[in-house]
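Chemist: What follows is my_file21.txt; its format and atoms are compact mmCIF, C-alpha atoms and all ligand atoms.
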```txt
# COMPACT_ATOMS: atom_id res chain seq x y z
CA MET N 850 47.68 -24.69 -64.85
CA ILE N 851 49.10 -23.31 -61.61
CA TYR N 852 52.87 -23.38 -61.94
CA LEU N 853 54.64 -24.18 -58.67
CA ASP N 854 57.85 -25.75 -59.90
CA TYR N 855 60.23 -22.77 -59.89
CA GLN N 856 63.25 -24.95 -58.99
CA ALA N 857 62.81 -27.00 -62.19
CA THR N 858 62.60 -23.97 -64.44
CA THR N 859 60.98 -20.53 -64.71
CA ALA N 860 58.97 -18.73 -67.39
CA VAL N 861 60.88 -16.40 -69.70
CA ALA N 862 60.27 -12.82 -68.49
CA PRO N 863 58.54 -10.54 -71.06
CA GLU N 864 61.52 -8.15 -70.89
CA VAL N 865 63.83 -11.06 -71.74
CA ALA N 866 61.73 -12.18 -74.71
CA ASP N 867 61.73 -8.58 -76.00
CA ALA N 868 65.52 -8.34 -75.70
CA MET N 869 66.00 -11.64 -77.54
CA ARG N 870 63.50 -11.12 -80.36
CA PRO N 871 65.63 -9.06 -82.80
CA TRP N 872 68.45 -11.60 -82.42
CA ILE N 873 66.09 -14.42 -83.42
CA GLU N 874 64.08 -12.68 -86.12
CA GLU N 875 66.50 -10.36 -87.94
CA LYS N 876 70.05 -10.27 -86.63
CA PHE N 877 71.58 -13.58 -87.53
CA ALA N 878 75.26 -12.70 -87.92
CA ASN N 879 77.95 -14.89 -86.42
CA PRO N 880 79.20 -12.91 -83.40
CA HIS N 881 82.73 -14.14 -84.09
CA SER N 882 82.84 -12.88 -87.66
CA PRO N 883 84.66 -9.59 -88.41
CA SER N 884 81.79 -8.07 -90.44
CA ARG N 885 79.98 -5.01 -89.11
CA TRP N 886 76.99 -7.24 -88.20
CA GLY N 887 79.24 -9.75 -86.50
CA ARG N 888 80.88 -7.00 -84.45
CA GLU N 889 77.47 -5.64 -83.49
CA ALA N 890 76.44 -9.09 -82.20
CA ASP N 891 79.75 -9.47 -80.38
CA ALA N 892 79.32 -6.07 -78.69
CA ALA N 893 75.79 -7.03 -77.57
CA ILE N 894 77.13 -10.29 -76.10
CA GLU N 895 79.77 -8.35 -74.17
CA VAL N 896 77.06 -6.11 -72.70
CA ALA N 897 75.19 -9.27 -71.64
CA ARG N 898 78.36 -10.70 -70.09
CA LYS N 899 78.76 -7.54 -68.00
CA GLN N 900 75.11 -7.75 -66.91
CA VAL N 901 75.63 -11.33 -65.73
CA GLU N 902 78.92 -10.44 -63.99
CA GLN N 903 77.27 -7.53 -62.20
CA ALA N 904 74.44 -9.75 -61.00
CA ILE N 905 76.96 -12.33 -59.73
CA GLY N 906 78.49 -9.45 -57.79
CA LEU N 907 81.96 -10.92 -57.17
CA ALA N 908 85.16 -9.01 -57.92
CA GLY N 909 88.41 -10.27 -59.44
CA GLY N 910 87.12 -12.69 -62.03
CA SER N 911 85.27 -13.11 -65.30
CA PHE N 912 82.38 -15.06 -66.74
CA ALA N 913 82.30 -17.50 -69.66
CA PHE N 914 79.07 -18.66 -71.31
CA THR N 915 78.39 -22.39 -71.62
CA GLY N 916 75.46 -24.40 -72.96
CA SER N 917 74.08 -25.11 -69.45
CA ALA N 918 75.06 -25.17 -65.80
CA THR N 919 75.58 -28.90 -66.21
CA GLU N 920 78.31 -28.15 -68.72
CA ALA N 921 79.76 -25.42 -66.45
CA LEU N 922 79.93 -27.86 -63.51
CA ASN N 923 81.51 -30.61 -65.65
CA TRP N 924 84.05 -28.10 -66.90
CA ALA N 925 84.82 -26.70 -63.43
CA ILE N 926 85.38 -30.13 -61.90
CA LYS N 927 87.10 -32.04 -64.71
CA GLY N 928 89.07 -28.99 -65.90
CA THR N 929 90.34 -28.23 -62.39
CA LEU N 930 91.45 -31.81 -61.77
CA GLU N 931 93.21 -31.72 -65.13
CA LYS N 932 95.19 -28.64 -64.19
CA VAL N 933 96.29 -29.13 -60.56
CA PRO N 934 99.62 -30.77 -59.60
CA ALA N 935 99.62 -34.60 -59.51
CA GLY N 936 99.65 -34.77 -55.69
CA ARG N 937 96.27 -33.06 -55.48
CA ASN N 938 93.93 -35.82 -56.44
CA ARG N 939 91.02 -35.42 -54.04
CA ILE N 940 87.61 -33.75 -54.34
CA VAL N 941 85.55 -33.00 -51.26
CA THR N 942 81.83 -32.52 -51.84
CA ALA N 943 78.43 -33.13 -50.23
CA ARG N 944 76.01 -36.01 -50.62
CA THR N 945 73.27 -33.49 -51.40
CA GLU N 946 74.81 -32.03 -54.56
CA HIS N 947 73.05 -32.01 -57.93
CA ALA N 948 73.65 -34.95 -60.28
CA ALA N 949 75.78 -32.66 -62.47
CA VAL N 950 78.34 -32.63 -59.64
CA LEU N 951 77.82 -36.13 -58.22
CA ASP N 952 77.90 -37.95 -61.56
CA THR N 953 80.95 -35.98 -62.69
CA CYS N 954 82.75 -36.92 -59.46
CA GLU N 955 81.75 -40.55 -59.91
CA TRP N 956 83.13 -40.49 -63.47
CA LEU N 957 86.41 -39.09 -62.16
CA GLU N 958 86.52 -41.76 -59.44
CA GLY N 959 86.60 -44.30 -62.27
CA ARG N 960 89.78 -42.53 -63.43
CA GLY N 961 91.57 -42.67 -60.11
CA VAL N 962 90.40 -39.46 -58.40
CA GLU N 963 89.53 -39.81 -54.72
CA VAL N 964 86.16 -38.26 -53.85
CA VAL N 965 84.87 -37.63 -50.33
CA TYR N 966 81.08 -37.27 -50.19
CA LEU N 967 80.39 -35.53 -46.89
CA PRO N 968 77.17 -36.23 -45.00
CA VAL N 969 74.84 -33.40 -43.99
CA GLY N 970 72.82 -32.97 -40.82
CA ARG N 971 69.06 -33.31 -40.44
CA ASP N 972 68.96 -29.61 -41.40
CA GLY N 973 70.67 -30.38 -44.74
CA LEU N 974 73.77 -28.40 -43.81
CA LEU N 975 77.43 -29.36 -43.91
CA ASP N 976 79.34 -29.27 -40.66
CA ALA N 977 82.38 -26.96 -40.94
CA ALA N 978 84.46 -29.21 -38.67
CA GLU N 979 83.77 -32.21 -40.92
CA VAL N 980 84.73 -30.19 -44.01
CA GLU N 981 87.93 -29.14 -42.27
CA ALA N 982 88.77 -32.74 -41.37
CA ALA N 983 88.26 -33.92 -44.97
CA VAL N 984 90.15 -31.12 -46.75
CA ASP N 985 93.93 -31.49 -46.75
CA GLU N 986 96.98 -30.80 -48.92
CA ARG N 987 95.91 -33.61 -51.28
CA THR N 988 92.62 -31.80 -52.02
CA ALA N 989 92.27 -30.12 -55.40
CA LEU N 990 88.68 -28.94 -55.17
CA VAL N 991 85.86 -28.48 -52.67
CA ALA N 992 82.38 -28.34 -54.26
CA ALA N 993 79.32 -27.21 -52.30
CA MET N 994 75.99 -25.99 -53.63
CA LEU N 995 74.83 -22.59 -52.35
CA VAL N 996 71.02 -23.11 -52.36
CA ASN N 997 69.92 -26.73 -52.56
CA ASN N 998 67.59 -27.41 -55.48
CA GLU N 999 65.47 -29.93 -53.61
CA ILE N 1000 65.11 -28.52 -50.10
CA GLY N 1001 66.28 -24.89 -50.48
CA VAL N 1002 68.81 -24.87 -47.64
CA ILE N 1003 71.75 -22.47 -47.89
CA GLN N 1004 75.23 -23.92 -47.28
CA PRO N 1005 77.84 -21.74 -45.52
CA VAL N 1006 79.80 -21.43 -48.76
CA GLY N 1007 81.99 -18.49 -47.61
CA GLU N 1008 83.17 -20.48 -44.59
CA ILE N 1009 83.75 -23.61 -46.68
CA ALA N 1010 85.78 -21.59 -49.22
CA ALA N 1011 88.03 -20.32 -46.41
CA ILE N 1012 88.68 -23.93 -45.32
CA ALA N 1013 89.47 -24.94 -48.92
CA HIS N 1014 91.87 -22.02 -49.37
CA GLN N 1015 93.69 -22.75 -46.13
CA ALA N 1016 94.60 -26.15 -47.57
CA GLY N 1017 95.51 -24.66 -50.96
CA ALA N 1018 92.42 -26.12 -52.67
CA LEU N 1019 89.96 -24.34 -54.95
CA MET N 1020 86.28 -23.89 -54.13
CA LEU N 1021 83.40 -24.43 -56.58
CA THR N 1022 79.85 -23.48 -55.79
CA ASP N 1023 76.81 -24.56 -57.79
CA ALA N 1024 74.84 -21.32 -57.48
CA VAL N 1025 72.13 -22.29 -59.99
CA GLN N 1026 69.30 -21.96 -57.47
CA ALA N 1027 70.88 -19.01 -55.66
CA PHE N 1028 71.79 -16.71 -58.54
CA GLY N 1029 69.40 -13.76 -58.73
CA ARG N 1030 67.66 -14.90 -55.55
CA VAL N 1031 70.17 -14.78 -52.70
CA PRO N 1032 73.57 -13.03 -52.67
CA ILE N 1033 76.61 -15.09 -53.62
CA PRO N 1034 79.12 -14.75 -50.77
CA GLU N 1035 82.80 -13.88 -51.27
CA GLY N 1036 85.06 -16.91 -51.32
CA PRO N 1037 84.34 -19.32 -54.21
CA ASP N 1038 86.85 -19.46 -57.07
CA LEU N 1039 84.34 -21.00 -59.48
CA VAL N 1040 80.59 -20.31 -59.65
CA ALA N 1041 78.20 -22.18 -61.96
CA ILE N 1042 74.88 -20.61 -62.97
CA SER N 1043 72.03 -21.14 -65.45
CA ALA N 1044 69.71 -18.70 -67.24
CA HIS N 1045 66.50 -20.68 -67.16
CA LYS N 1046 66.17 -20.56 -63.37
CA ILE N 1047 66.01 -16.74 -63.41
CA HIS N 1048 63.41 -16.19 -66.13
CA GLY N 1049 65.97 -16.44 -68.92
CA PRO N 1050 66.10 -18.89 -71.84
CA LYS N 1051 67.03 -22.57 -71.63
CA GLY N 1052 70.23 -23.77 -73.29
CA ILE N 1053 72.63 -21.27 -71.75
CA GLY N 1054 74.57 -21.19 -68.49
CA GLY N 1055 78.06 -20.27 -67.53
CA LEU N 1056 81.00 -20.31 -65.21
CA TRP N 1057 82.39 -17.38 -63.24
CA MET N 1058 86.10 -17.87 -62.61
CA ARG N 1059 88.39 -16.03 -60.25
CA GLU N 1060 91.40 -14.76 -62.15
CA GLY N 1061 93.97 -17.57 -62.22
CA ALA N 1062 91.41 -20.28 -61.35
CA GLU N 1063 90.26 -20.91 -64.93
CA PRO N 1064 89.89 -24.67 -65.48
CA THR N 1065 91.55 -26.39 -68.43
CA PRO N 1066 89.17 -26.21 -71.42
CA LEU N 1067 87.11 -29.32 -72.15
CA ILE N 1068 85.70 -28.16 -75.48
CA HIS N 1069 88.20 -27.42 -78.21
CA GLY N 1070 87.66 -25.75 -81.54
CA GLY N 1071 87.38 -22.15 -82.65
CA GLY N 1072 88.88 -20.66 -79.48
CA GLN N 1073 85.81 -18.64 -78.47
CA GLU N 1074 85.40 -17.42 -74.88
CA ARG N 1075 89.11 -16.50 -74.66
CA GLY N 1076 90.06 -19.99 -75.76
CA LEU N 1077 88.35 -21.49 -72.71
CA ARG N 1078 85.16 -22.79 -74.31
CA SER N 1079 84.99 -23.15 -78.06
CA GLY N 1080 81.77 -22.99 -80.04
CA THR N 1081 79.78 -20.24 -81.73
CA LEU N 1082 77.82 -18.33 -79.11
CA SER N 1083 74.13 -17.70 -79.62
CA PRO N 1084 73.57 -13.92 -79.40
CA ALA N 1085 69.86 -14.45 -78.63
CA LEU N 1086 70.57 -16.77 -75.70
CA ALA N 1087 73.45 -14.71 -74.29
CA ILE N 1088 71.47 -11.47 -74.59
CA GLY N 1089 68.45 -13.14 -72.99
CA PHE N 1090 70.66 -14.31 -70.12
CA GLY N 1091 72.02 -10.77 -69.69
CA ALA N 1092 68.53 -9.26 -69.70
CA ALA N 1093 67.31 -11.81 -67.13
CA ALA N 1094 70.32 -11.12 -64.88
CA LYS N 1095 69.81 -7.36 -65.11
CA LEU N 1096 66.13 -7.73 -64.29
CA ALA N 1097 66.91 -10.00 -61.32
CA SER N 1098 69.37 -7.41 -59.98
CA GLU N 1099 66.93 -4.54 -60.42
CA ARG N 1100 64.11 -6.50 -58.80
CA ARG N 1101 66.16 -8.28 -56.12
CA ASP N 1102 64.55 -6.53 -53.12
CA THR N 1103 61.04 -6.51 -54.60
CA ASP N 1104 61.22 -10.19 -55.56
CA ALA N 1105 62.71 -11.16 -52.18
CA ALA N 1106 60.00 -9.31 -50.25
CA TYR N 1107 57.29 -10.85 -52.43
CA ILE N 1108 58.67 -14.37 -51.86
CA GLU N 1109 58.67 -13.81 -48.09
CA ARG N 1110 55.01 -12.88 -48.38
CA LEU N 1111 54.19 -15.98 -50.42
CA TRP N 1112 56.07 -18.17 -47.91
CA ALA N 1113 54.06 -16.73 -45.01
CA THR N 1114 50.81 -17.15 -46.98
CA ALA N 1115 51.63 -20.79 -47.76
CA TRP N 1116 52.25 -21.63 -44.09
CA HIS N 1117 49.06 -19.83 -43.12
CA VAL N 1118 47.08 -22.18 -45.38
CA LEU N 1119 48.99 -25.40 -44.59
CA GLY N 1120 47.77 -27.33 -41.56
CA PRO N 1121 50.04 -28.47 -38.70
CA GLU N 1122 50.24 -31.97 -40.22
CA TRP N 1123 52.81 -30.70 -42.74
CA VAL N 1124 56.47 -30.79 -41.71
CA LEU N 1125 59.25 -28.76 -43.33
CA ASN N 1126 62.24 -30.72 -44.70
CA GLY N 1127 65.61 -29.14 -43.91
CA SER N 1128 66.69 -26.12 -41.90
CA PRO N 1129 63.89 -23.66 -41.08
CA ASN N 1130 66.35 -20.74 -40.87
CA GLN N 1131 69.21 -21.23 -43.35
CA ARG N 1132 67.04 -21.40 -46.42
CA TYR N 1133 65.62 -19.72 -49.48
CA HIS N 1134 61.89 -19.20 -48.96
CA GLY N 1135 60.80 -19.77 -52.57
CA ASN N 1136 61.32 -23.49 -52.00
CA LEU N 1137 58.81 -25.24 -49.78
CA ASN N 1138 59.76 -28.89 -49.36
CA ILE N 1139 57.30 -30.51 -46.98
CA ARG N 1140 56.10 -33.94 -45.94
CA ARG N 1141 53.05 -35.40 -44.31
CA GLU N 1142 52.82 -38.70 -42.43
CA GLY N 1143 51.52 -41.51 -44.66
CA LEU N 1144 51.15 -39.36 -47.80
CA ASP N 1145 51.66 -41.01 -51.19
CA ALA N 1146 53.25 -37.99 -52.88
CA ALA N 1147 53.41 -39.58 -56.35
CA ARG N 1148 49.66 -40.30 -56.22
CA LEU N 1149 48.96 -36.76 -54.98
CA ILE N 1150 50.82 -35.32 -57.97
CA SER N 1151 49.01 -37.54 -60.47
CA ASN N 1152 45.64 -36.62 -58.89
CA LEU N 1153 46.34 -32.89 -59.27
CA ARG N 1154 47.49 -32.73 -62.86
CA ASP N 1155 46.65 -29.04 -63.31
CA ILE N 1156 49.04 -27.99 -60.56
CA ALA N 1157 52.74 -28.24 -61.45
CA PHE N 1158 54.68 -29.21 -58.34
CA SER N 1159 57.15 -31.98 -57.76
CA LEU N 1160 58.48 -34.88 -55.77
CA GLY N 1161 61.85 -33.32 -55.07
CA SER N 1162 63.93 -32.62 -58.09
CA ALA N 1163 62.81 -33.03 -61.67
CA CYS N 1164 65.50 -35.71 -62.08
CA ALA N 1165 64.47 -37.66 -58.97
CA SER N 1166 60.83 -37.43 -60.08
CA GLY N 1167 61.56 -39.12 -63.38
CA SER N 1168 63.54 -42.04 -61.95
CA GLY N 1169 61.06 -43.30 -59.37
CA ARG N 1170 63.97 -43.46 -56.89
CA PRO N 1171 63.48 -41.63 -53.60
CA SER N 1172 65.47 -38.43 -53.58
CA HIS N 1173 69.13 -38.78 -52.52
CA VAL N 1174 68.85 -35.40 -50.78
CA LEU N 1175 65.90 -36.43 -48.62
CA ARG N 1176 67.69 -39.68 -47.78
CA ALA N 1177 70.85 -37.72 -46.92
CA ILE N 1178 69.00 -35.58 -44.35
CA GLY N 1179 67.97 -38.78 -42.60
CA LEU N 1180 64.41 -39.30 -43.89
CA SER N 1181 63.24 -42.88 -44.23
CA ASP N 1182 62.21 -44.16 -47.64
CA ARG N 1183 58.61 -43.75 -46.57
CA GLU N 1184 59.12 -40.15 -45.38
CA ALA N 1185 60.93 -39.29 -48.62
CA ARG N 1186 58.03 -40.71 -50.63
CA SER N 1187 55.65 -38.55 -48.53
CA SER N 1188 57.46 -35.33 -49.47
CA ILE N 1189 56.58 -32.71 -52.07
CA ARG N 1190 58.34 -29.61 -53.34
CA ILE N 1191 56.35 -26.46 -54.02
CA GLY N 1192 58.38 -23.73 -55.72
CA PHE N 1193 57.12 -20.21 -56.30
CA GLY N 1194 58.41 -16.80 -57.26
CA ARG N 1195 58.00 -13.56 -59.17
CA TYR N 1196 55.01 -14.51 -61.32
CA THR N 1197 53.09 -16.62 -58.77
CA THR N 1198 49.97 -14.81 -57.62
CA GLU N 1199 48.87 -15.12 -54.00
CA THR N 1200 45.43 -16.30 -55.15
CA GLU N 1201 46.81 -19.18 -57.18
CA LEU N 1202 49.18 -20.21 -54.40
CA VAL N 1203 46.34 -20.30 -51.86
CA ASP N 1204 44.10 -22.17 -54.29
CA ALA N 1205 46.79 -24.76 -55.08
CA ILE N 1206 47.79 -25.32 -51.46
CA GLN N 1207 44.19 -25.70 -50.35
CA ARG N 1208 43.67 -28.32 -53.06
CA ILE N 1209 46.92 -30.12 -52.17
CA ASP N 1210 45.89 -30.14 -48.51
CA GLU N 1211 42.39 -31.43 -49.32
CA ALA N 1212 43.72 -34.16 -51.62
CA ALA N 1213 46.17 -35.25 -48.89
CA LYS N 1214 43.32 -35.43 -46.35
CA ALA N 1215 41.22 -37.43 -48.83
CA GLN N 1216 44.07 -39.96 -49.11
CA GLU N 1217 44.03 -40.33 -45.33
CA ARG N 1218 40.26 -40.83 -45.23
CA PHE N 1219 40.52 -43.43 -47.99
CA ALA N 1220 43.32 -45.27 -46.17
CA ALA N 1221 41.49 -45.24 -42.81
N1 LIG H 1 72.51 -27.46 -60.39
C1 LIG H 1 71.33 -27.22 -59.80
C2 LIG H 1 71.29 -26.95 -58.35
C3 LIG H 1 70.15 -27.24 -60.55
O1 LIG H 1 68.98 -27.03 -59.95
C4 LIG H 1 70.23 -27.49 -61.94
C5 LIG H 1 69.00 -27.53 -62.77
O2 LIG H 1 68.24 -28.44 -62.72
C6 LIG H 1 71.48 -27.71 -62.53
C7 LIG H 1 72.60 -27.68 -61.72
C8 LIG H 1 71.65 -27.94 -63.99
O3 LIG H 1 71.37 -26.77 -64.71
P1 LIG H 1 71.13 -26.80 -66.29
O4 LIG H 1 69.68 -27.11 -66.47
O5 LIG H 1 71.48 -25.42 -66.77
O6 LIG H 1 72.02 -27.83 -66.85
```
Can you give me the file's structure in the form of structure tokens?

Modeler:
Amino acid sequence: MIYLDYQATTAVAPEVADAMRPWIEEKFANPHSPSRWGREADAAIEVARKQVEQAIGLAGGSFAFTGSATEALNWAIKGTLEKVPAGRNRIVTARTEHAAVLDTCEWLEGRGVEVVYLPVGRDGLLDAAEVEAAVDERTALVAAMLVNNEIGVIQPVGEIAAIAHQAGALMLTDAVQAFGRVPIPEGPDLVAISAHKIHGPKGIGGLWMREGAEPTPLIHGGGQERGLRSGTLSPALAIGFGAAAKLASERRDTDAAYIERLWATAWHVLGPEWVLNGSPNQRYHGNLNIRREGLDAARLISNLRDIAFSLGSACASGSGRPSHVLRAIGLSDREARSSIRIGFGRYTTETELVDAIQRIDEAAKAQERFAA
């Protein structure tokens, strides 16, 4: 199989597996127990926390582990709305957010919270003037994703945070696709991330919180994570997350340069019939979301079973619905259904990328010949 679905998940790095192994095979102590073994596990988790915080690179806050970024986003949104004064009952977000944000907002709407879903331009980007017009003294939270999971565009999160702060609101960024790949700008008060997108294990994510911006806890129990998120932490998962974050920091320039090379290679192979979805400039280059007139993308994917690529997001792919992100950037239903997402990164070889893209291109041409 040629794996080109890096936005859905990534392979666990060998260094990460090595770091996790002792904590799966031998060291099973509860990190919250006072025994010597418990304290050893706790100390290793704290090292991992520092590694993640360093990779996030923001000052003046701290990081709490959660079971996933979905949990971190639920916590950030619901826990912030729970804590702000009664007059602040509005969330401002974008139509192109991940379901973890959109569905949480919809749930809160059912409980009386007002949510503004801002449109984006053809380039997938929010307009600062429109954000400014929507954010006022009734706004509790502004939520904008840093790198979009479907089309890879980078929102001006620093600028949006400044607008939120001017109105006394907090700013949340879903940095799941950005973390370890592009720098997180200064500004957000809350940052959600996930380990499995950066060659770490699945089942662990977390929330970085500026001091004073900690949301009200949603999960109650043993008081772990400074009372903010109860539940016994998994040393193996936390240590794997730390190792993946450290590796991403150490390799940031090498990985970034390699991805630029893969991006250029991909465009060299693709013919002029392929059109890029979203901004050509404000984007992460490990995400190639492209369309081709008349293409049946679902059929293309089922004809090329040994290449893992996708229709947009893993969630949109499963539902059969055209992607809400592609619709939000103004694509017709037909154009959205003619779009594919090719995601590559650290462990993609140039040879396999060229091979896969040539085969995708040929299969698309064959569809056209068949339709003619
Ligand atoms: N946000 C974005 C942008 C994502 O791509 C994903 C992963 O699919 C998530 C949130 C959810 O992350 P997790 O799988 O850790 O729940």

Chemist: Return as AutoDock Vina command-line options the box centre and box size in Å, one decimal, for an axis-aligned box around all listed atoms of ligand LIG 1 (chain H) padded by 6 Å per side.

Modeler:
```
--center_x 70.4 --center_y -26.9 --center_z -62.6 --size_x 16.4 --size_y 15.0 --size_z 20.5
```

Chemist: Compute the set of protein, DNA and RNA residues whose minimum atom distance to ligand LIG 1 (chain H) is at most 6 Å, using all atoms listed in the file, and state it as a PyMOL selection string.

Modeler: chain N and resi 857+917-919+947+949+997-998+1023+1025-1026+1043+1054

Chemist: Please save C-alpha atoms of the selected residues as a PDB file, in the coordinates of the input.

Modeler:
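again.pdb written:
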```pdb
ATOM      1  CA  ALA N 857      62.810 -27.000 -62.190  1.00  0.00           C
ATOM      2  CA  SER N 917      74.080 -25.110 -69.450  1.00  0.00           C
ATOM      3  CA  ALA N 918      75.060 -25.170 -65.800  1.00  0.00           C
ATOM      4  CA  THR N 919      75.580 -28.900 -66.210  1.00  0.00           C
ATOM      5  CA  HIS N 947      73.050 -32.010 -57.930  1.00  0.00           C
ATOM      6  CA  ALA N 949      75.780 -32.660 -62.470  1.00  0.00           C
ATOM      7  CA  ASN N 997      69.920 -26.730 -52.560  1.00  0.00           C
ATOM      8  CA  ASN N 998      67.590 -27.410 -55.480  1.00  0.00           C
ATOM      9  CA  ASP N1023      76.810 -24.560 -57.790  1.00  0.00           C
ATOM     10  CA  VAL N1025      72.130 -22.290 -59.990  1.00  0.00           C
ATOM     11  CA  GLN N1026      69.300 -21.960 -57.470  1.00  0.00           C
ATOM     12  CA  SER N1043      72.030 -21.140 -65.450  1.00  0.00           C
ATOM     13  CA  GLY N1054      74.570 -21.190 -68.490  1.00  0.00           C
TER      14      GLY N1054
END
```

Chemist: Please determine, counting only C-alpha atoms, which residue among N:Ala1221, N:Phe877, N:Glu1199, N:Ile1000 has the shortest atom-to-atom distance to N:Arg1140.

Modeler: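 Distance minimum relative to N:Arg1140 lands on N:Ile1000.
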
Chemist: Find the residues of stretch 926-973 of chain N that sit at most 6 Å from stretch 981-993 of chain N; for each, write down the nearest two atoms and how far apart they are in Å, to one decimal. Count all atoms listed in the file. Sort by chain, then by number going up, and give it as a tab-separated table.

Modeler:
```
residue	atom	partner	partner_atom	distance
N:Gly936	CA	N:Arg987	CA	5.9
N:Arg937	CA	N:Arg987	CA	4.3
N:Asn938	CA	N:Arg987	CA	6.0
N:Arg939	CA	N:Thr988	CA	4.4
N:Ile940	CA	N:Leu990	CA	5.0
N:Val941	CA	N:Val991	CA	4.7
N:Thr942	CA	N:Ala992	CA	4.9
```

Chemist: Which residue is closest to N:Ala925? Choose from N:Asp1038, N:Asp976, N:Glu902, N:Asp891 and count all atoms listed in the file.

Modeler: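 Of N:Asp1038, N:Asp976, N:Glu902, N:Asp891, the one nearest N:Ala925 is N:Asp1038, counting all atoms listed in the file.
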
Chemist: Can you list, as a PDB file with C-alpha atoms, in the frame of the given file, every protein, DNA or RNA residue that comes within 10 Å of stretch 956-959 of chain N when you count all atoms listed in the file, leaving out same-chain residues fewer than 4 positions away?

Modeler:
```
ATOM      1  CA  ILE N 926      85.380 -30.130 -61.900  1.00  0.00           C
ATOM      2  CA  LYS N 927      87.100 -32.040 -64.710  1.00  0.00           C
ATOM      3  CA  LEU N 930      91.450 -31.810 -61.770  1.00  0.00           C
ATOM      4  CA  ASN N 938      93.930 -35.820 -56.440  1.00  0.00           C
ATOM      5  CA  ARG N 939      91.020 -35.420 -54.040  1.00  0.00           C
ATOM      6  CA  ILE N 940      87.610 -33.750 -54.340  1.00  0.00           C
ATOM      7  CA  VAL N 950      78.340 -32.630 -59.640  1.00  0.00           C
ATOM      8  CA  LEU N 951      77.820 -36.130 -58.220  1.00  0.00           C
ATOM      9  CA  ASP N 952      77.900 -37.950 -61.560  1.00  0.00           C
ATOM     10  CA  GLU N 963      89.530 -39.810 -54.720  1.00  0.00           C
ATOM     11  CA  VAL N 964      86.160 -38.260 -53.850  1.00  0.00           C
TER      12      VAL N 964
END
```

Chemist: From the list N:Pro1032, N:Gly961, N:Pro934, N:Gly1179, which residue is nearest N:Asp1102 when using only C-alpha atoms?

Modeler: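 The shortest atom-to-atom distance to N:Asp1102 comes from N:Pro1032.
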
Chemist: So how far away is atom CA of N:Asn1130 from atom CA of N:Val1031, in Å?

Modeler: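 That distance, rounded to one decimal, is 13.8 Å.
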
Chemist: Would you be able to write out as number ranges by chain which residues have an atom within 12 Å of (47.0, -24.3, -59.6) in the file's coordinates, counting only C-alpha atoms?

Modeler: N: 850-854, 1150, 1153-1158, 1191, 1193, 1197-1209

Chemist: Go through N:Ser884, N:Thr945, N:Thr1065, N:Thr859 and flag the residue nearest N:Trp924, using only C-alpha atoms for the distances.

Modeler: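 Of N:Ser884, N:Thr945, N:Thr1065, N:Thr859, the one nearest N:Trp924 is N:Thr1065, counting only C-alpha atoms.
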
Chemist: Only N, CA and C atoms, as an mmCIF file, in the first residue's frame: that is what I want for stretch 1063-1074 of chain N.

Modeler:
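Listing of selection04.cif after writing:
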```
data_model
loop_
_atom_site.group_PDB
_atom_site.id
_atom_site.type_symbol
_atom_site.label_atom_id
_atom_site.label_comp_id
_atom_site.auth_asym_id
_atom_site.auth_seq_id
_atom_site.Cartn_x
_atom_site.Cartn_y
_atom_site.Cartn_z
ATOM 1 N N GLU N 1063 -8.134 28.598 31.757
ATOM 2 C CA GLU N 1063 -8.498 27.184 31.885
ATOM 3 C C GLU N 1063 -10.022 27.031 31.888
ATOM 4 N N PRO N 1064 -10.572 26.191 30.999
ATOM 5 C CA PRO N 1064 -12.025 25.994 31.010
ATOM 6 C C PRO N 1064 -12.467 25.204 32.245
ATOM 7 N N THR N 1065 -13.741 25.329 32.581
ATOM 8 C CA THR N 1065 -14.307 24.529 33.671
ATOM 9 C C THR N 1065 -14.168 23.046 33.301
ATOM 10 N N PRO N 1066 -13.763 22.202 34.245
ATOM 11 C CA PRO N 1066 -13.622 20.773 33.909
ATOM 12 C C PRO N 1066 -14.943 20.157 33.466
ATOM 13 N N LEU N 1067 -14.857 19.228 32.527
ATOM 14 C CA LEU N 1067 -16.051 18.480 32.101
ATOM 15 C C LEU N 1067 -16.040 17.083 32.719
ATOM 16 N N ILE N 1068 -14.826 16.590 33.023
ATOM 17 C CA ILE N 1068 -14.717 15.213 33.507
ATOM 18 C C ILE N 1068 -14.278 15.243 34.965
ATOM 19 N N HIS N 1069 -15.124 14.738 35.803
ATOM 20 C CA HIS N 1069 -14.866 14.793 37.251
ATOM 21 C C HIS N 1069 -14.495 13.422 37.780
ATOM 22 N N GLY N 1070 -13.702 13.416 38.834
ATOM 23 C CA GLY N 1070 -13.302 12.138 39.418
ATOM 24 C C GLY N 1070 -12.104 12.326 40.315
ATOM 25 N N GLY N 1071 -11.006 11.680 39.960
ATOM 26 C CA GLY N 1071 -9.834 11.633 40.842
ATOM 27 C C GLY N 1071 -9.011 12.907 40.921
ATOM 28 N N GLY N 1072 -9.373 13.929 40.164
ATOM 29 C CA GLY N 1072 -8.661 15.208 40.267
ATOM 30 C C GLY N 1072 -7.315 15.252 39.565
ATOM 31 N N GLN N 1073 -7.084 14.321 38.625
ATOM 32 C CA GLN N 1073 -5.801 14.346 37.906
ATOM 33 C C GLN N 1073 -5.717 15.597 37.021
ATOM 34 N N GLU N 1074 -4.560 15.823 36.448
ATOM 35 C CA GLU N 1074 -4.322 17.013 35.614
ATOM 36 C C GLU N 1074 -4.746 18.296 36.349
#
```
